[in-house]
file protein.pdb (PDB, C-alpha atoms and all ligand atoms)
ATOM      1  CA  MET A   1     118.602  94.018  88.576
ATOM      2  CA  ASN A   2     114.991  92.886  88.744
ATOM      3  CA  ALA A   3     112.845  92.729  85.624
ATOM      4  CA  PHE A   4     110.812  95.893  85.142
ATOM      5  CA  VAL A   5     108.181  94.503  82.831
ATOM      6  CA  PHE A   6     105.994  91.478  83.567
ATOM      7  CA  GLU A   7     103.802  89.378  81.242
ATOM      8  CA  ASN A   8     100.768  91.580  81.829
ATOM      9  CA  ASP A   9     102.809  94.704  80.973
ATOM     10  CA  LYS A  10     104.194  93.145  77.798
ATOM     11  CA  LYS A  11     100.657  92.526  76.609
ATOM     12  CA  ILE A  12      99.613  96.133  77.359
ATOM     13  CA  PHE A  13     102.579  97.457  75.426
ATOM     14  CA  ALA A  14     102.102  95.145  72.472
ATOM     15  CA  GLU A  15      98.357  95.663  72.149
ATOM     16  CA  GLU A  16      97.599  99.094  73.498
ATOM     17  CA  LEU A  17     100.639 101.371  73.662
ATOM     18  CA  GLY A  18     103.300 100.277  71.180
ATOM     19  CA  PRO A  19     101.220 100.631  68.004
ATOM     20  CA  ARG A  20     100.048 104.152  68.947
ATOM     21  CA  LEU A  21     103.401 105.565  70.061
ATOM     22  CA  PRO A  22     105.862 107.286  67.731
ATOM     23  CA  GLN A  23     109.132 105.548  66.882
ATOM     24  CA  ARG A  24     111.210 108.072  68.859
ATOM     25  CA  ILE A  25     110.414 108.855  72.485
ATOM     26  CA  PHE A  26     112.154 111.485  74.626
ATOM     27  CA  ASP A  27     111.923 111.260  78.415
ATOM     28  CA  ALA A  28     112.834 114.709  79.764
ATOM     29  CA  HIS A  29     113.107 113.707  83.443
ATOM     30  CA  VAL A  30     115.274 110.711  84.375
ATOM     31  CA  HIS A  31     117.289 110.190  87.569
ATOM     32  CA  ILE A  32     120.623 108.406  87.269
ATOM     33  CA  PHE A  33     122.732 107.256  90.213
ATOM     34  CA  ASP A  34     125.231 104.582  91.034
ATOM     35  CA  LYS A  35     127.227 103.698  94.115
ATOM     36  CA  SER A  36     129.917 106.286  93.292
ATOM     37  CA  CYS A  37     127.390 109.119  93.835
ATOM     38  CA  TYR A  38     126.827 108.162  97.487
ATOM     39  CA  PRO A  39     129.247 108.034 100.428
ATOM     40  CA  LYS A  40     131.058 104.701 100.702
ATOM     41  CA  GLY A  41     129.049 101.970 102.420
ATOM     42  CA  LYS A  42     125.719 103.790 101.961
ATOM     43  CA  THR A  43     122.733 101.466 102.426
ATOM     44  CA  PHE A  44     119.015 102.049 101.891
ATOM     45  CA  GLY A  45     116.080 100.970 104.089
ATOM     46  CA  PRO A  46     113.931  97.920 103.217
ATOM     47  CA  LYS A  47     111.082 100.050 101.778
ATOM     48  CA  ASP A  48     113.337 102.388  99.826
ATOM     49  CA  TYR A  49     112.844 102.060  96.061
ATOM     50  CA  ARG A  50     116.610 102.079  95.635
ATOM     51  CA  THR A  51     116.856  98.815  97.555
ATOM     52  CA  TRP A  52     114.634  97.278  94.879
ATOM     53  CA  LEU A  53     117.134  98.600  92.297
ATOM     54  CA  ASN A  54     120.091  97.144  94.236
ATOM     55  CA  GLY A  55     121.169 100.685  95.077
ATOM     56  CA  GLU A  56     121.753 101.979  91.566
ATOM     57  CA  PHE A  57     120.188 103.101  88.308
ATOM     58  CA  SER A  58     123.141 103.831  86.040
ATOM     59  CA  GLN A  59     122.918 105.110  82.479
ATOM     60  CA  ALA A  60     123.417 101.532  81.318
ATOM     61  CA  SER A  61     120.590 100.342  83.603
ATOM     62  CA  TRP A  62     118.333 103.087  82.248
ATOM     63  CA  GLN A  63     119.079 101.981  78.697
ATOM     64  CA  ALA A  64     118.457  98.335  79.575
ATOM     65  CA  CYS A  65     115.243  99.306  81.358
ATOM     66  CA  MET A  66     114.035 101.268  78.308
ATOM     67  CA  LYS A  67     114.660  98.253  76.064
ATOM     68  CA  GLU A  68     112.203  96.349  78.252
ATOM     69  CA  MET A  69     109.768  99.207  78.790
ATOM     70  CA  LEU A  70     109.666 100.567  75.204
ATOM     71  CA  PRO A  71     110.714  97.595  73.048
ATOM     72  CA  GLY A  72     111.590  98.537  69.473
ATOM     73  CA  LYS A  73     111.515 102.307  70.126
ATOM     74  CA  ASP A  74     114.435 104.773  69.919
ATOM     75  CA  VAL A  75     114.674 106.279  73.368
ATOM     76  CA  TYR A  76     116.199 109.673  74.157
ATOM     77  CA  GLY A  77     116.507 111.366  77.531
ATOM     78  CA  ASN A  78     117.439 114.277  79.742
ATOM     79  CA  LEU A  79     119.243 112.817  82.740
ATOM     80  CA  PHE A  80     120.280 114.126  86.155
ATOM     81  CA  GLY A  81     121.388 112.738  89.506
ATOM     82  CA  ASN A  82     119.335 112.094  92.603
ATOM     83  CA  PRO A  83     118.851 115.378  94.465
ATOM     84  CA  GLU A  84     119.854 114.334  97.966
ATOM     85  CA  ALA A  85     122.147 116.033 100.483
ATOM     86  CA  GLU A  86     124.622 113.165 100.600
ATOM     87  CA  VAL A  87     124.912 112.754  96.830
ATOM     88  CA  ASN A  88     128.096 114.132  95.256
ATOM     89  CA  ARG A  89     126.810 117.008  93.108
ATOM     90  CA  ASP A  90     130.022 117.072  91.092
ATOM     91  CA  ILE A  91     128.973 113.787  89.463
ATOM     92  CA  SER A  92     126.569 114.265  86.540
ATOM     93  CA  PRO A  93     125.377 111.785  83.910
ATOM     94  CA  LYS A  94     127.501 111.676  80.742
ATOM     95  CA  PRO A  95     125.610 113.036  77.739
ATOM     96  CA  ASP A  96     126.346 112.546  74.051
ATOM     97  CA  ASN A  97     124.129 115.568  73.261
ATOM     98  CA  ASP A  98     122.441 113.498  70.602
ATOM     99  CA  HIS A  99     120.353 110.829  72.342
ATOM    100  CA  ILE A 100     121.369 111.714  75.873
ATOM    101  CA  PHE A 101     121.364 115.183  77.391
ATOM    102  CA  ALA A 102     122.160 115.904  81.019
ATOM    103  CA  MET A 103     121.870 118.434  83.813
ATOM    104  CA  ALA A 104     123.882 119.125  86.972
ATOM    105  CA  LEU A 105     122.374 119.064  90.434
ATOM    106  CA  LEU A 106     122.476 122.447  92.141
ATOM    107  CA  SER A 107     122.262 123.658  95.731
ATOM    108  CA  PRO A 108     122.185 127.291  96.866
ATOM    109  CA  ALA A 109     125.434 126.330  98.623
ATOM    110  CA  ASP A 110     127.162 125.970  95.226
ATOM    111  CA  SER A 111     129.100 128.903  93.802
ATOM    112  CA  VAL A 112     128.573 129.926  90.197
ATOM    113  CA  GLU A 113     132.186 128.839  89.572
ATOM    114  CA  ALA A 114     131.388 125.330  90.819
ATOM    115  CA  LEU A 115     128.228 125.243  88.719
ATOM    116  CA  GLN A 116     130.063 126.457  85.634
ATOM    117  CA  ARG A 117     132.742 123.802  86.149
ATOM    118  CA  ARG A 118     130.083 121.067  86.276
ATOM    119  CA  VAL A 119     128.270 122.356  83.192
ATOM    120  CA  GLU A 120     131.422 122.779  81.123
ATOM    121  CA  ALA A 121     133.268 119.629  82.220
ATOM    122  CA  ASP A 122     130.383 117.343  81.319
ATOM    123  CA  ARG A 123     128.853 119.415  78.476
ATOM    124  CA  LEU A 124     125.518 119.798  80.231
ATOM    125  CA  VAL A 125     122.398 121.614  79.012
ATOM    126  CA  GLY A 126     121.445 123.033  82.388
ATOM    127  CA  PHE A 127     120.814 122.200  85.999
ATOM    128  CA  LYS A 128     118.294 120.952  88.533
ATOM    129  CA  PRO A 129     117.928 122.555  91.946
ATOM    130  CA  TYR A 130     115.893 120.853  94.666
ATOM    131  CA  LEU A 131     113.998 122.061  97.689
ATOM    132  CA  ASN A 132     115.867 119.798 100.133
ATOM    133  CA  PHE A 133     119.152 121.498  99.253
ATOM    134  CA  ALA A 134     117.597 124.903  99.966
ATOM    135  CA  ALA A 135     115.981 123.688 103.220
ATOM    136  CA  ASP A 136     119.385 122.447 104.436
ATOM    137  CA  PHE A 137     121.234 125.546 103.328
ATOM    138  CA  PHE A 138     118.805 128.111 104.770
ATOM    139  CA  LYS A 139     117.884 125.894 107.755
ATOM    140  CA  LYS A 140     114.202 126.262 106.895
ATOM    141  CA  PRO A 141     111.398 123.702 107.213
ATOM    142  CA  LYS A 142     110.905 122.074 103.790
ATOM    143  CA  ASN A 143     107.426 123.558 103.368
ATOM    144  CA  ASP A 144     108.728 127.108 103.842
ATOM    145  CA  VAL A 145     111.274 126.918 101.037
ATOM    146  CA  GLU A 146     110.594 129.344  98.174
ATOM    147  CA  ILE A 147     111.713 129.246  94.562
ATOM    148  CA  HIS A 148     114.000 132.183  95.345
ATOM    149  CA  ASP A 149     115.744 130.024  97.989
ATOM    150  CA  MET A 150     116.312 127.204  95.497
ATOM    151  CA  LEU A 151     117.779 129.423  92.773
ATOM    152  CA  LEU A 152     119.962 132.354  93.779
ATOM    153  CA  PRO A 153     120.250 135.487  91.598
ATOM    154  CA  ASP A 154     123.827 134.800  90.467
ATOM    155  CA  GLN A 155     122.951 131.188  89.543
ATOM    156  CA  LEU A 156     119.960 132.444  87.546
ATOM    157  CA  ALA A 157     122.050 135.143  85.874
ATOM    158  CA  TYR A 158     124.540 132.455  84.818
ATOM    159  CA  ALA A 159     121.746 130.334  83.281
ATOM    160  CA  ASP A 160     120.457 133.413  81.476
ATOM    161  CA  ARG A 161     123.892 134.398  80.166
ATOM    162  CA  GLU A 162     124.608 130.883  78.943
ATOM    163  CA  GLY A 163     121.108 130.082  77.670
ATOM    164  CA  LEU A 164     120.729 126.999  79.905
ATOM    165  CA  ALA A 165     117.637 125.056  80.925
ATOM    166  CA  ILE A 166     116.536 124.575  84.530
ATOM    167  CA  THR A 167     114.221 121.747  85.578
ATOM    168  CA  LEU A 168     112.369 123.072  88.600
ATOM    169  CA  HIS A 169     110.349 120.984  91.067
ATOM    170  CA  ILE A 170     108.386 123.819  92.662
ATOM    171  CA  PRO A 171     108.237 123.864  96.475
ATOM    172  CA  ARG A 172     105.510 124.524  99.102
ATOM    173  CA  LYS A 173     102.471 122.641 100.276
ATOM    174  CA  ASP A 174     100.031 124.093  97.748
ATOM    175  CA  ARG A 175     102.464 123.700  94.870
ATOM    176  CA  PHE A 176     101.044 125.117  91.620
ATOM    177  CA  ALA A 177      98.107 126.652  93.508
ATOM    178  CA  ASP A 178     100.419 128.620  95.820
ATOM    179  CA  PRO A 179     100.336 132.388  95.021
ATOM    180  CA  LYS A 180     103.950 132.885  96.107
ATOM    181  CA  ASN A 181     105.109 130.128  93.753
ATOM    182  CA  GLN A 182     102.997 131.570  90.959
ATOM    183  CA  ARG A 183     104.523 135.017  91.395
ATOM    184  CA  GLN A 184     108.066 133.695  91.512
ATOM    185  CA  MET A 185     107.555 131.395  88.500
ATOM    186  CA  VAL A 186     106.531 134.410  86.431
ATOM    187  CA  GLU A 187     109.321 136.547  87.888
ATOM    188  CA  ILE A 188     112.145 134.179  86.983
ATOM    189  CA  CYS A 189     110.819 133.656  83.446
ATOM    190  CA  GLN A 190     110.582 137.403  82.871
ATOM    191  CA  LYS A 191     113.810 138.409  84.541
ATOM    192  CA  TYR A 192     115.916 135.678  82.872
ATOM    193  CA  PRO A 193     114.457 135.456  79.350
ATOM    194  CA  HIS A 194     117.401 133.540  77.841
ATOM    195  CA  ALA A 195     117.104 130.710  80.364
ATOM    196  CA  THR A 196     114.446 128.015  79.867
ATOM    197  CA  PHE A 197     112.397 127.001  82.898
ATOM    198  CA  ILE A 198     110.946 123.491  82.792
ATOM    199  CA  PHE A 199     108.445 123.221  85.635
ATOM    200  CA  ALA A 200     108.543 119.553  86.572
ATOM    201  CA  HIS A 201     105.510 117.313  87.131
ATOM    202  CA  VAL A 202     103.163 119.979  85.622
ATOM    203  CA  GLY A 203     103.966 122.146  88.629
ATOM    204  CA  ARG A 204     103.380 119.058  90.815
ATOM    205  CA  ALA A 205      99.657 119.230  90.024
ATOM    206  CA  TYR A 206      98.496 115.655  90.530
ATOM    207  CA  PHE A 207      94.826 116.565  91.052
ATOM    208  CA  MET A 208      92.413 118.983  89.362
ATOM    209  CA  LYS A 209      92.107 121.650  92.056
ATOM    210  CA  ASN A 210      95.842 122.192  91.965
ATOM    211  CA  ILE A 211      95.910 123.046  88.267
ATOM    212  CA  ARG A 212      92.545 124.855  88.230
ATOM    213  CA  GLU A 213      93.893 127.259  90.860
ATOM    214  CA  SER A 214      97.236 127.664  89.096
ATOM    215  CA  ASN A 215      98.435 130.530  86.903
ATOM    216  CA  VAL A 216      99.001 128.305  83.872
ATOM    217  CA  ASP A 217      97.288 130.885  81.612
ATOM    218  CA  GLU A 218      99.765 133.536  82.686
ATOM    219  CA  LEU A 219     102.726 131.184  82.131
ATOM    220  CA  ALA A 220     101.396 130.349  78.655
ATOM    221  CA  LYS A 221     102.305 133.900  77.621
ATOM    222  CA  LEU A 222     105.958 133.482  78.647
ATOM    223  CA  PRO A 223     107.917 131.779  75.848
ATOM    224  CA  ASN A 224     110.640 130.377  78.131
ATOM    225  CA  ALA A 225     108.166 128.573  80.450
ATOM    226  CA  TYR A 226     107.861 124.815  79.812
ATOM    227  CA  PHE A 227     106.310 121.903  81.682
ATOM    228  CA  ASP A 228     107.431 118.332  82.029
ATOM    229  CA  THR A 229     104.780 115.716  82.730
ATOM    230  CA  ALA A 230     106.823 113.405  84.997
ATOM    231  CA  MET A 231     104.621 111.134  87.128
ATOM    232  CA  VAL A 232     101.365 112.766  85.987
ATOM    233  CA  ASN A 233      98.955 110.042  84.875
ATOM    234  CA  HIS A 234      95.814 112.129  85.404
ATOM    235  CA  VAL A 235      93.967 112.612  82.100
ATOM    236  CA  GLY A 236      92.062 115.606  83.507
ATOM    237  CA  VAL A 237      95.224 117.421  84.600
ATOM    238  CA  LEU A 238      96.943 116.809  81.255
ATOM    239  CA  SER A 239      93.845 117.857  79.272
ATOM    240  CA  TYR A 240      93.567 121.034  81.343
ATOM    241  CA  LEU A 241      97.235 121.760  80.664
ATOM    242  CA  PHE A 242      96.799 121.294  76.903
ATOM    243  CA  ASP A 243      93.652 123.467  76.936
ATOM    244  CA  HIS A 244      95.522 126.325  78.618
ATOM    245  CA  PHE A 245      99.143 126.006  77.520
ATOM    246  CA  PRO A 246     100.820 125.455  74.126
ATOM    247  CA  ALA A 247     101.558 121.779  73.447
ATOM    248  CA  GLU A 248     104.852 122.931  71.850
ATOM    249  CA  ARG A 249     106.180 123.649  75.348
ATOM    250  CA  VAL A 250     105.034 120.439  77.038
ATOM    251  CA  LEU A 251     107.690 117.736  77.419
ATOM    252  CA  PHE A 252     106.799 114.112  78.052
ATOM    253  CA  ALA A 253     108.753 112.882  81.066
ATOM    254  CA  THR A 254     108.437 110.015  83.510
ATOM    255  CA  ASP A 255     110.728 110.382  86.570
ATOM    256  CA  ALA A 256     112.370 107.009  85.900
ATOM    257  CA  PRO A 257     113.305 104.866  87.742
ATOM    258  CA  ILE A 258     110.357 105.544  90.089
ATOM    259  CA  SER A 259     107.988 105.351  87.112
ATOM    260  CA  CYS A 260     109.179 101.795  86.479
ATOM    261  CA  LEU A 261     107.502 100.624  89.692
ATOM    262  CA  HIS A 262     104.032  99.103  89.462
ATOM    263  CA  GLY A 263     101.395 101.565  90.568
ATOM    264  CA  LYS A 264      99.219 104.493  89.696
ATOM    265  CA  SER A 265      98.716 107.972  91.089
ATOM    266  CA  VAL A 266      95.044 108.730  91.876
ATOM    267  CA  GLU A 267      93.134 111.844  92.832
ATOM    268  CA  ILE A 268      91.388 111.548  96.203
ATOM    269  CA  ASN A 269      89.191 114.443  97.346
ATOM    270  CA  ASN A 270      91.446 117.346  96.295
ATOM    271  CA  ASP A 271      94.565 115.407  97.114
ATOM    272  CA  TYR A 272      96.295 112.342  95.692
ATOM    273  CA  ALA A 273      97.980 109.100  96.650
ATOM    274  CA  TYR A 274     100.079 106.462  94.980
ATOM    275  CA  LEU A 275      98.338 103.113  94.736
ATOM    276  CA  MET A 276     101.067 100.528  94.573
ATOM    277  CA  ALA A 277     101.554  96.838  94.106
ATOM    278  CA  ASP A 278     104.673  96.872  96.266
ATOM    279  CA  ASP A 279     105.261  98.286  99.711
ATOM    280  CA  VAL A 280     107.782 100.872  98.540
ATOM    281  CA  ALA A 281     107.953 104.279 100.213
ATOM    282  CA  ILE A 282     107.511 107.102  97.625
ATOM    283  CA  GLY A 283     105.330 109.877  99.077
ATOM    284  CA  THR A 284     101.908 108.735 100.315
ATOM    285  CA  VAL A 285     101.465 105.118  99.314
ATOM    286  CA  LEU A 286      98.387 102.909  99.586
ATOM    287  CA  HIS A 287      99.676  99.460  98.914
ATOM    288  CA  ASP A 288      97.952  96.290  97.824
ATOM    289  CA  PRO A 289      99.443  93.483  99.941
ATOM    290  CA  ALA A 290      96.924  90.909  98.691
ATOM    291  CA  ARG A 291      97.878  91.684  95.081
ATOM    292  CA  ALA A 292      94.188  92.083  94.336
ATOM    293  CA  TYR A 293      94.811  94.419  91.366
ATOM    294  CA  PRO A 294      96.726  93.708  88.173
ATOM    295  CA  PHE A 295      98.867  96.856  88.360
ATOM    296  CA  THR A 296     100.992  97.979  85.479
ATOM    297  CA  THR A 297     103.852 100.486  85.753
ATOM    298  CA  PHE A 298     103.480 104.201  86.421
ATOM    299  CA  TYR A 299     105.321 104.542  83.114
ATOM    300  CA  TYR A 300     102.545 102.854  81.153
ATOM    301  CA  GLU A 301      99.810 104.671  83.083
ATOM    302  CA  GLN A 302     101.516 107.953  82.126
ATOM    303  CA  LEU A 303     101.678 106.943  78.468
ATOM    304  CA  ARG A 304      98.010 105.910  78.567
ATOM    305  CA  ALA A 305      96.962 109.251  80.036
ATOM    306  CA  MET A 306      99.119 111.136  77.532
ATOM    307  CA  LEU A 307      97.637 109.242  74.568
ATOM    308  CA  GLU A 308      94.197 110.161  75.854
ATOM    309  CA  ALA A 309      94.885 113.835  76.567
ATOM    310  CA  VAL A 310      97.269 115.020  73.866
ATOM    311  CA  PRO A 311      95.637 117.238  71.208
ATOM    312  CA  ALA A 312      95.297 115.820  67.697
ATOM    313  CA  GLY A 313      98.515 116.148  65.716
ATOM    314  CA  CYS A 314     100.681 116.892  68.778
ATOM    315  CA  LEU A 315     101.688 113.412  69.939
ATOM    316  CA  GLU A 316     105.101 113.372  68.252
ATOM    317  CA  LYS A 317     105.831 116.897  69.399
ATOM    318  CA  VAL A 318     105.106 116.176  73.054
ATOM    319  CA  LEU A 319     106.673 112.714  73.108
ATOM    320  CA  PHE A 320     109.754 113.640  71.130
ATOM    321  CA  GLU A 321     110.211 116.785  69.054
ATOM    322  CA  ASN A 322     109.728 119.444  71.737
ATOM    323  CA  ALA A 323     112.375 118.078  74.073
ATOM    324  CA  ARG A 324     114.787 117.022  71.373
ATOM    325  CA  GLY A 325     114.466 120.447  69.697
ATOM    326  CA  LEU A 326     114.982 122.362  72.931
ATOM    327  CA  PHE A 327     117.992 120.397  74.146
ATOM    328  CA  ARG A 328     119.616 120.201  70.678
ATOM    329  CA  PHE A 329     119.245 123.964  70.353
ATOM    330  CA  ILE A 330     121.038 124.498  73.676
ATOM    331  CA  ALA A 331     123.749 121.955  72.819
ATOM    332  CA  GLU A 332     124.370 123.549  69.417
ATOM    333  CA  LYS A 333     124.572 127.066  70.812
ATOM    334  CA  ARG A 334     127.088 125.872  73.358
ATOM    335  CA  HIS A 335     129.131 124.150  70.596
ATOM    336  CA  TYR A 336     128.792 120.704  72.147
ATOM    337  CA  ILE A 337     127.886 119.390  68.698
TER     338      ILE A 337
HETATM  339 ZN    ZN A 401     112.304 113.685  89.641
END

call {"tool": "encode", "arguments": {"input": "protein.pdb", "output": "structure tokens"}}
result
Amino acid sequence: MNAFVFENDKKIFAEELGPRLPQRIFDAHVHIFDKSCYPKGKTFGPKDYRTWLNGEFSQASWQACMKEMLPGKDVYGNLFGNPEAEVNRDISPKPDNDHIFAMALLSPADSVEALQRRVEADRLVGFKPYLNFAADFFKKPKNDVEIHDMLLPDQLAYADREGLAITLHIPRKDRFADPKNQRQMVEICQKYPHATFIFAHVGRAYFMKNIRESNVDELAKLPNAYFDTAMVNHVGVLSYLFDHFPAERVLFATDAPISCLHGKSVEINNDYAYLMADDVAIGTVLHDPARAYPFTTFYYEQLRAMLEAVPAGCLEKVLFENARGLFRFIAEKRHYI
């Protein structure tokens, strides 16, 4: 495993981030995978971020990574697998329902019985569908997938019955600004009031237009709608979110291990790109082969933006209490603890 944190990063943490952060930090969006999740002999291309991780990011690697990234802090997390077609969805991270909570991966191809088996066997707090699973299952182009393709009525009814959480990476090209998404986000929250919907990456709004044209005000009125902030390092987007949505339902999240790479997401003319130190393929990357810029990690850029945007008195809630409270509540109700 490569080192995640370089000298420059250590200085940023020691001087700028560490002293301002609470002692306990909860990352509500972490991907865990090891070689057992993939078919035997699986290899990754030279620009794939998993090659840089030697093909795995196990729970132990996450914990080791957090020791480097957040030295001296108590780190908690909500973990799930990598949502890819070839990944074995029966393998979920192993939670203790104290520091570590976990979710199953879910495809529309999975029966409720299969889902229930995963949730019960591993004592999970919920599940994470993904648009690629729905695109494969319904043989649709990825951009045509709808929320209702990703989550089928019987899967949603199960989550509602059992009071589970669902981390949802919304589909479609216009993401949070897409009227069909907006309608379906409201619909699922209203129709399944005992399930909790955590819309990942602030509804994938990485630039202002996307959140300005969203229905965040409408979602603010629905008590089971939450957002995670994974990979959002845009102060404007986070500030807009906090101005329009209760901080009590915002969960700090990073999308580790991708957030451990060195780079930053930037708004470019009503769109965005990842500026990166390394030539690693994650979405649209502009990379810096001459190493002209002293990049730090996406992780630290996200913490910086959060420290800037979070309303006074809400830092501990967003970085720890909200997520810990939500997942503990689910775990207690399900008698895991
Ligand atoms: Zn993710």

call {"tool": "residues_around", "arguments": {"input": "protein.pdb", "residues": "Trp62 (chain A)", "least_positions_apart": "2", "cutoff": "9 Å", "atoms": "only C-alpha atoms", "output": "list in words"}}
result
Val30, His31, Ile32, Phe57, Ser58, Gln59, Ala60, Ala64, Cys65, Met66, Lys67, Ala256 and Pro257 of chain A

call {"tool": "residues_near_ligand", "arguments": {"input": "protein.pdb", "ligand": "ligand ZN 401 (chain A)", "cutoff": "12 Å", "atoms": "all atoms listed in the file", "output": "PDB file with C-alpha atoms, in the coordinates of the input"}}
result
ATOM      1  CA  ASP A  27     111.923 111.260  78.415  1.00  0.00           C
ATOM      2  CA  ALA A  28     112.834 114.709  79.764  1.00  0.00           C
ATOM      3  CA  HIS A  29     113.107 113.707  83.443  1.00  0.00           C
ATOM      4  CA  VAL A  30     115.274 110.711  84.375  1.00  0.00           C
ATOM      5  CA  HIS A  31     117.289 110.190  87.569  1.00  0.00           C
ATOM      6  CA  ILE A  32     120.623 108.406  87.269  1.00  0.00           C
ATOM      7  CA  ASN A  78     117.439 114.277  79.742  1.00  0.00           C
ATOM      8  CA  LEU A  79     119.243 112.817  82.740  1.00  0.00           C
ATOM      9  CA  PHE A  80     120.280 114.126  86.155  1.00  0.00           C
ATOM     10  CA  GLY A  81     121.388 112.738  89.506  1.00  0.00           C
ATOM     11  CA  ASN A  82     119.335 112.094  92.603  1.00  0.00           C
ATOM     12  CA  PRO A  83     118.851 115.378  94.465  1.00  0.00           C
ATOM     13  CA  GLU A  84     119.854 114.334  97.966  1.00  0.00           C
ATOM     14  CA  LEU A 105     122.374 119.064  90.434  1.00  0.00           C
ATOM     15  CA  LYS A 128     118.294 120.952  88.533  1.00  0.00           C
ATOM     16  CA  PRO A 129     117.928 122.555  91.946  1.00  0.00           C
ATOM     17  CA  TYR A 130     115.893 120.853  94.666  1.00  0.00           C
ATOM     18  CA  LEU A 131     113.998 122.061  97.689  1.00  0.00           C
ATOM     19  CA  THR A 167     114.221 121.747  85.578  1.00  0.00           C
ATOM     20  CA  LEU A 168     112.369 123.072  88.600  1.00  0.00           C
ATOM     21  CA  HIS A 169     110.349 120.984  91.067  1.00  0.00           C
ATOM     22  CA  ILE A 170     108.386 123.819  92.662  1.00  0.00           C
ATOM     23  CA  PHE A 199     108.445 123.221  85.635  1.00  0.00           C
ATOM     24  CA  ALA A 200     108.543 119.553  86.572  1.00  0.00           C
ATOM     25  CA  HIS A 201     105.510 117.313  87.131  1.00  0.00           C
ATOM     26  CA  VAL A 202     103.163 119.979  85.622  1.00  0.00           C
ATOM     27  CA  GLY A 203     103.966 122.146  88.629  1.00  0.00           C
ATOM     28  CA  ARG A 204     103.380 119.058  90.815  1.00  0.00           C
ATOM     29  CA  ASP A 228     107.431 118.332  82.029  1.00  0.00           C
ATOM     30  CA  THR A 229     104.780 115.716  82.730  1.00  0.00           C
ATOM     31  CA  ALA A 230     106.823 113.405  84.997  1.00  0.00           C
ATOM     32  CA  MET A 231     104.621 111.134  87.128  1.00  0.00           C
ATOM     33  CA  VAL A 232     101.365 112.766  85.987  1.00  0.00           C
ATOM     34  CA  ALA A 253     108.753 112.882  81.066  1.00  0.00           C
ATOM     35  CA  THR A 254     108.437 110.015  83.510  1.00  0.00           C
ATOM     36  CA  ASP A 255     110.728 110.382  86.570  1.00  0.00           C
ATOM     37  CA  ALA A 256     112.370 107.009  85.900  1.00  0.00           C
ATOM     38  CA  PRO A 257     113.305 104.866  87.742  1.00  0.00           C
ATOM     39  CA  ILE A 258     110.357 105.544  90.089  1.00  0.00           C
ATOM     40  CA  SER A 259     107.988 105.351  87.112  1.00  0.00           C
ATOM     41  CA  ILE A 282     107.511 107.102  97.625  1.00  0.00           C
TER      42      ILE A 282
END

call {"tool": "residues_around", "arguments": {"input": "protein.pdb", "residues": "region 308-312 of chain A", "least_positions_apart": "4", "cutoff": "12 Å", "atoms": "all atoms listed in the file", "output": "PyMOL selection string"}}
result
chain A and resi 16-17+20-21+229+232-248+250-252+301-304+316-319

call {"tool": "resolve_selection", "arguments": {"input": "protein.pdb", "expression": "the PyMOL selection byres (((chain A and resi 262) around 8) and not hetatm)", "output": "PDB file with C-alpha atoms, in the frame of the given file"}}
result
ATOM      1  CA  SER A 259     107.988 105.351  87.112  1.00  0.00           C
ATOM      2  CA  CYS A 260     109.179 101.795  86.479  1.00  0.00           C
ATOM      3  CA  LEU A 261     107.502 100.624  89.692  1.00  0.00           C
ATOM      4  CA  GLY A 263     101.395 101.565  90.568  1.00  0.00           C
ATOM      5  CA  LYS A 264      99.219 104.493  89.696  1.00  0.00           C
ATOM      6  CA  MET A 276     101.067 100.528  94.573  1.00  0.00           C
ATOM      7  CA  ALA A 277     101.554  96.838  94.106  1.00  0.00           C
ATOM      8  CA  ASP A 278     104.673  96.872  96.266  1.00  0.00           C
ATOM      9  CA  PHE A 295      98.867  96.856  88.360  1.00  0.00           C
ATOM     10  CA  THR A 296     100.992  97.979  85.479  1.00  0.00           C
ATOM     11  CA  THR A 297     103.852 100.486  85.753  1.00  0.00           C
ATOM     12  CA  PHE A 298     103.480 104.201  86.421  1.00  0.00           C
TER      13      PHE A 298
END

call {"tool": "resolve_selection", "arguments": {"input": "protein.pdb", "expression": "the PyMOL selection byres (((chain A and resi 72) around 12) and not hetatm)", "output": "PyMOL selection string"}}
result
chain A and resi 13-14+18-19+21-25+66-71+73-75

call {"tool": "write_last_selection", "arguments": {"input": "protein.pdb", "atoms": "C-alpha atoms", "output": "mmCIF file, keeping the file's coordinate frame"}}
result
data_model
loop_
_atom_site.group_PDB
_atom_site.id
_atom_site.type_symbol
_atom_site.label_atom_id
_atom_site.label_comp_id
_atom_site.auth_asym_id
_atom_site.auth_seq_id
_atom_site.Cartn_x
_atom_site.Cartn_y
_atom_site.Cartn_z
ATOM 1 C CA PHE A 13 102.579 97.457 75.426
ATOM 2 C CA ALA A 14 102.102 95.145 72.472
ATOM 3 C CA GLY A 18 103.300 100.277 71.180
ATOM 4 C CA PRO A 19 101.220 100.631 68.004
ATOM 5 C CA LEU A 21 103.401 105.565 70.061
ATOM 6 C CA PRO A 22 105.862 107.286 67.731
ATOM 7 C CA GLN A 23 109.132 105.548 66.882
ATOM 8 C CA ARG A 24 111.210 108.072 68.859
ATOM 9 C CA ILE A 25 110.414 108.855 72.485
ATOM 10 C CA MET A 66 114.035 101.268 78.308
ATOM 11 C CA LYS A 67 114.660 98.253 76.064
ATOM 12 C CA GLU A 68 112.203 96.349 78.252
ATOM 13 C CA MET A 69 109.768 99.207 78.790
ATOM 14 C CA LEU A 70 109.666 100.567 75.204
ATOM 15 C CA PRO A 71 110.714 97.595 73.048
ATOM 16 C CA LYS A 73 111.515 102.307 70.126
ATOM 17 C CA ASP A 74 114.435 104.773 69.919
ATOM 18 C CA VAL A 75 114.674 106.279 73.368
#
